[in-house]
file protein.cif (mmCIF, C-alpha atoms)
data_run
#
loop_
_atom_site.label_atom_id
_atom_site.label_comp_id
_atom_site.auth_asym_id
_atom_site.auth_seq_id
_atom_site.Cartn_x
_atom_site.Cartn_y
_atom_site.Cartn_z
CA MET C 1 24.00 -4.95 -11.14
CA GLN C 2 23.46 -3.30 -7.75
CA SER C 3 21.64 -5.28 -5.08
CA ILE C 4 19.41 -3.61 -2.50
CA PRO C 5 18.44 -5.51 0.69
CA VAL C 6 14.69 -5.41 1.44
CA ASP C 7 13.33 -5.28 5.00
CA THR C 8 10.50 -7.83 4.76
CA THR C 9 9.23 -6.95 8.25
CA ARG C 10 7.87 -3.72 6.74
CA LEU C 11 6.07 -5.40 3.82
CA GLY C 12 2.99 -6.55 5.72
CA VAL C 13 1.31 -9.82 4.74
CA LEU C 14 3.18 -11.90 2.15
CA ARG C 15 1.01 -14.53 0.48
CA CYS C 16 1.83 -17.07 -2.22
CA ALA C 17 -0.05 -16.12 -5.40
CA ILE C 18 1.43 -18.80 -7.68
CA ALA C 19 3.03 -21.95 -6.27
CA PRO C 20 6.77 -22.46 -6.89
CA GLU C 21 7.74 -23.12 -10.50
CA ALA C 22 11.11 -23.98 -11.99
CA LYS C 23 12.60 -21.00 -13.82
CA LEU C 24 13.35 -21.99 -17.39
CA THR C 25 16.27 -20.70 -19.46
CA ASN C 26 14.74 -22.21 -22.59
CA PRO C 27 10.98 -22.94 -22.70
CA GLU C 28 11.37 -25.09 -25.84
CA THR C 29 13.81 -27.52 -24.22
CA GLN C 30 12.42 -27.06 -20.68
CA GLU C 31 15.98 -26.40 -19.47
CA VAL C 32 15.94 -25.14 -15.88
CA LYS C 33 18.04 -22.10 -14.95
CA ARG C 34 20.86 -22.80 -12.47
CA ASP C 35 22.58 -20.51 -9.99
CA ARG C 36 26.36 -20.09 -9.69
CA ASP C 37 26.59 -23.23 -7.55
CA GLY C 38 24.62 -25.35 -10.03
CA ASN C 39 21.38 -25.43 -8.00
CA PRO C 40 18.09 -25.13 -9.90
CA VAL C 41 16.39 -21.72 -9.63
CA TRP C 42 12.69 -21.59 -8.75
CA THR C 43 10.28 -18.68 -8.70
CA VAL C 44 7.42 -17.97 -6.33
CA ALA C 45 4.88 -15.25 -7.10
CA VAL C 46 4.00 -13.43 -3.89
CA THR C 47 1.42 -10.77 -3.14
CA VAL C 48 2.35 -7.95 -0.77
CA ARG C 49 -0.17 -5.84 1.13
CA GLN C 50 0.72 -3.17 3.66
CA ASP C 51 -1.87 -1.70 6.01
CA ARG C 52 -4.92 -1.97 3.73
CA ARG C 53 -3.08 -0.53 0.76
CA ARG C 54 -3.34 -1.93 -2.75
CA ILE C 55 -2.00 -5.40 -3.32
CA SER C 56 1.24 -5.65 -5.30
CA GLY C 57 2.66 -8.78 -6.83
CA ILE C 58 6.32 -9.70 -7.08
CA GLU C 59 8.08 -12.75 -8.46
CA ILE C 60 10.89 -13.99 -6.23
CA ALA C 61 13.72 -16.23 -7.46
CA VAL C 62 15.18 -18.72 -4.98
CA SER C 63 17.82 -21.46 -5.31
CA GLY C 64 16.41 -24.94 -4.81
CA GLN C 65 12.77 -25.98 -4.77
CA PRO C 66 10.76 -24.37 -1.95
CA LYS C 67 8.85 -27.06 -0.03
CA GLY C 68 5.34 -27.02 1.42
CA ILE C 69 4.14 -23.81 -0.24
CA GLU C 70 0.63 -23.67 -1.66
CA GLU C 71 -1.26 -20.89 -3.40
CA GLY C 72 -3.04 -18.62 -0.93
CA GLN C 73 -0.72 -19.53 1.94
CA ILE C 74 1.07 -16.88 3.99
CA VAL C 75 4.83 -17.18 3.50
CA ARG C 76 8.02 -15.93 5.12
CA VAL C 77 10.72 -14.54 2.83
CA THR C 78 14.28 -14.59 4.14
CA GLY C 79 17.16 -12.56 2.72
CA LEU C 80 15.12 -10.67 0.10
CA THR C 81 17.18 -8.55 -2.27
CA ALA C 82 16.04 -6.29 -5.11
CA PHE C 83 18.11 -5.87 -8.28
CA MET C 84 17.67 -2.99 -10.71
CA TRP C 85 18.23 -4.02 -14.33
CA SER C 86 18.07 -2.55 -17.83
CA MET C 87 18.39 -3.96 -21.32
CA GLY C 88 18.24 -1.29 -24.00
CA GLU C 89 15.05 0.67 -23.38
CA ARG C 90 13.63 -2.01 -21.06
CA HIS C 91 14.21 -1.80 -17.33
CA GLY C 92 12.79 -3.12 -14.09
CA VAL C 93 13.36 -4.65 -10.68
CA SER C 94 14.00 -8.34 -10.01
CA PHE C 95 13.81 -10.03 -6.62
CA ARG C 96 15.87 -12.85 -5.16
CA ALA C 97 15.67 -14.46 -1.71
CA ASP C 98 17.67 -16.91 0.34
CA ALA C 99 14.44 -18.79 1.15
CA VAL C 100 10.66 -18.69 0.84
CA THR C 101 8.98 -20.85 3.49
CA PRO C 102 5.39 -21.46 4.57
CA VAL C 103 4.04 -19.91 7.75
CA HIS C 104 2.33 -22.88 9.36
CA GLY C 105 -1.00 -22.51 11.10
CA THR C 106 -2.30 -19.89 8.66
CA ALA C 107 -5.26 -20.77 6.48
CA ALA C 108 -5.76 -19.22 3.07
CA HIS C 109 -8.56 -17.05 4.52
CA GLY C 110 -7.44 -16.89 8.16
CA LYS C 111 -5.91 -14.08 10.20
CA GLY C 112 -4.17 -11.61 7.96
CA GLY C 113 -6.32 -12.89 5.11
CA ASP C 114 -6.84 -9.50 3.53
CA ALA C 115 -3.70 -9.82 1.41
#

call {"tool": "encode", "arguments": {"input": "protein.cif", "output": "structure tokens"}}
result
Amino acid sequence: MQSIPVDTTRLGVLRCAIAPEAKLTNPETQEVKRDRDGNPVWTVAVTVRQDRRRISGIEIAVSGQPKGIEEGQIVRVTGLTAFMWSMGERHGVSFRADAVTPVHGTAAHGKGGDA
């Protein structure tokens, strides 16, 4: 699987759409997915809006539980990478980051609130 680094400085406002959730490998047993080092993998749904364009949503996987992130809050994404995947006739893009952190001092409807 080829990884493609993403320049987050060009993405505009990044806002948490769904607070961090543990990524499950098996919903029936509630088993949490783990990375290569054994850390639990979490996902954060983030909206992206560039220069008054349409809002897009992406789900970002991150190792370890992100702290202090609430829905509607502007976030900073560090080390974002896109991965192209395919399984039979299904295909898509997955995202992984080194970290997703809150941008403090930004209200849910404050400056940059049009995301």

call {"tool": "closest_residue", "arguments": {"input": "protein.cif", "among": "C:Val77, C:Ala45, C:Val32, C:Ile4", "to": "C:Val93", "atoms": "all atoms listed in the file"}}
result
C:Ile4

call {"tool": "resolve_selection", "arguments": {"input": "protein.cif", "expression": "the PyMOL selection byres ((chain C and resi 11) around 7)", "output": "PyMOL selection string"}}
result
chain C and resi 8-10+12-13+48-50

call {"tool": "resolve_selection", "arguments": {"input": "protein.cif", "expression": "the PyMOL selection byres ((chain C and resi 96) around 12)", "output": "ChimeraX atom specification"}}
result
/C:3-6,35,41-46,58-63,77-84,93-95,97-100

call {"tool": "write_last_selection", "arguments": {"input": "protein.cif", "atoms": "C-alpha atoms", "output": "mmCIF file, in the coordinates of the input"}}
result
data_model
loop_
_atom_site.group_PDB
_atom_site.id
_atom_site.type_symbol
_atom_site.label_atom_id
_atom_site.label_comp_id
_atom_site.auth_asym_id
_atom_site.auth_seq_id
_atom_site.Cartn_x
_atom_site.Cartn_y
_atom_site.Cartn_z
ATOM 1 C CA SER C 3 21.640 -5.280 -5.080
ATOM 2 C CA ILE C 4 19.410 -3.610 -2.500
ATOM 3 C CA PRO C 5 18.440 -5.510 0.690
ATOM 4 C CA VAL C 6 14.690 -5.410 1.440
ATOM 5 C CA ASP C 35 22.580 -20.510 -9.990
ATOM 6 C CA VAL C 41 16.390 -21.720 -9.630
ATOM 7 C CA TRP C 42 12.690 -21.590 -8.750
ATOM 8 C CA THR C 43 10.280 -18.680 -8.700
ATOM 9 C CA VAL C 44 7.420 -17.970 -6.330
ATOM 10 C CA ALA C 45 4.880 -15.250 -7.100
ATOM 11 C CA VAL C 46 4.000 -13.430 -3.890
ATOM 12 C CA ILE C 58 6.320 -9.700 -7.080
ATOM 13 C CA GLU C 59 8.080 -12.750 -8.460
ATOM 14 C CA ILE C 60 10.890 -13.990 -6.230
ATOM 15 C CA ALA C 61 13.720 -16.230 -7.460
ATOM 16 C CA VAL C 62 15.180 -18.720 -4.980
ATOM 17 C CA SER C 63 17.820 -21.460 -5.310
ATOM 18 C CA VAL C 77 10.720 -14.540 2.830
ATOM 19 C CA THR C 78 14.280 -14.590 4.140
ATOM 20 C CA GLY C 79 17.160 -12.560 2.720
ATOM 21 C CA LEU C 80 15.120 -10.670 0.100
ATOM 22 C CA THR C 81 17.180 -8.550 -2.270
ATOM 23 C CA ALA C 82 16.040 -6.290 -5.110
ATOM 24 C CA PHE C 83 18.110 -5.870 -8.280
ATOM 25 C CA MET C 84 17.670 -2.990 -10.710
ATOM 26 C CA VAL C 93 13.360 -4.650 -10.680
ATOM 27 C CA SER C 94 14.000 -8.340 -10.010
ATOM 28 C CA PHE C 95 13.810 -10.030 -6.620
ATOM 29 C CA ALA C 97 15.670 -14.460 -1.710
ATOM 30 C CA ASP C 98 17.670 -16.910 0.340
ATOM 31 C CA ALA C 99 14.440 -18.790 1.150
ATOM 32 C CA VAL C 100 10.660 -18.690 0.840
#

call {"tool": "atom_distance", "arguments": {"input": "protein.cif", "atom1": "atom CA of C:Glu21", "atom2": "atom CA of C:Gly38"}}
result
17.0 Å

call {"tool": "closest_residue", "arguments": {"input": "protein.cif", "among": "C:Cys16, C:Gly57, C:Leu24, C:Thr29", "to": "C:Val75", "atoms": "all atoms listed in the file"}}
result
C:Cys16

call {"tool": "atom_distance", "arguments": {"input": "protein.cif", "atom1": "atom CA of C:Arg34", "atom2": "atom CA of C:Lys67"}}
result
17.8 Å

call {"tool": "atom_distance", "arguments": {"input": "protein.cif", "atom1": "atom CA of C:Ile18", "atom2": "atom CA of C:Thr47"}}
result
9.2 Å

call {"tool": "closest_residue", "arguments": {"input": "protein.cif", "among": "C:Pro102, C:Pro40, C:Pro27, C:Pro20", "to": "C:Gln73", "atoms": "only C-alpha atoms"}}
result
C:Pro102

call {"tool": "closest_residue", "arguments": {"input": "protein.cif", "among": "C:Ile74, C:Ile55, C:Met87, C:Val103", "to": "C:Leu14", "atoms": "only C-alpha atoms"}}
result
C:Ile74

call {"tool": "closest_residue", "arguments": {"input": "protein.cif", "among": "C:Arg15, C:Lys33, C:Arg52, C:His104", "to": "C:Gly64", "atoms": "only C-alpha atoms"}}
result
C:Lys33
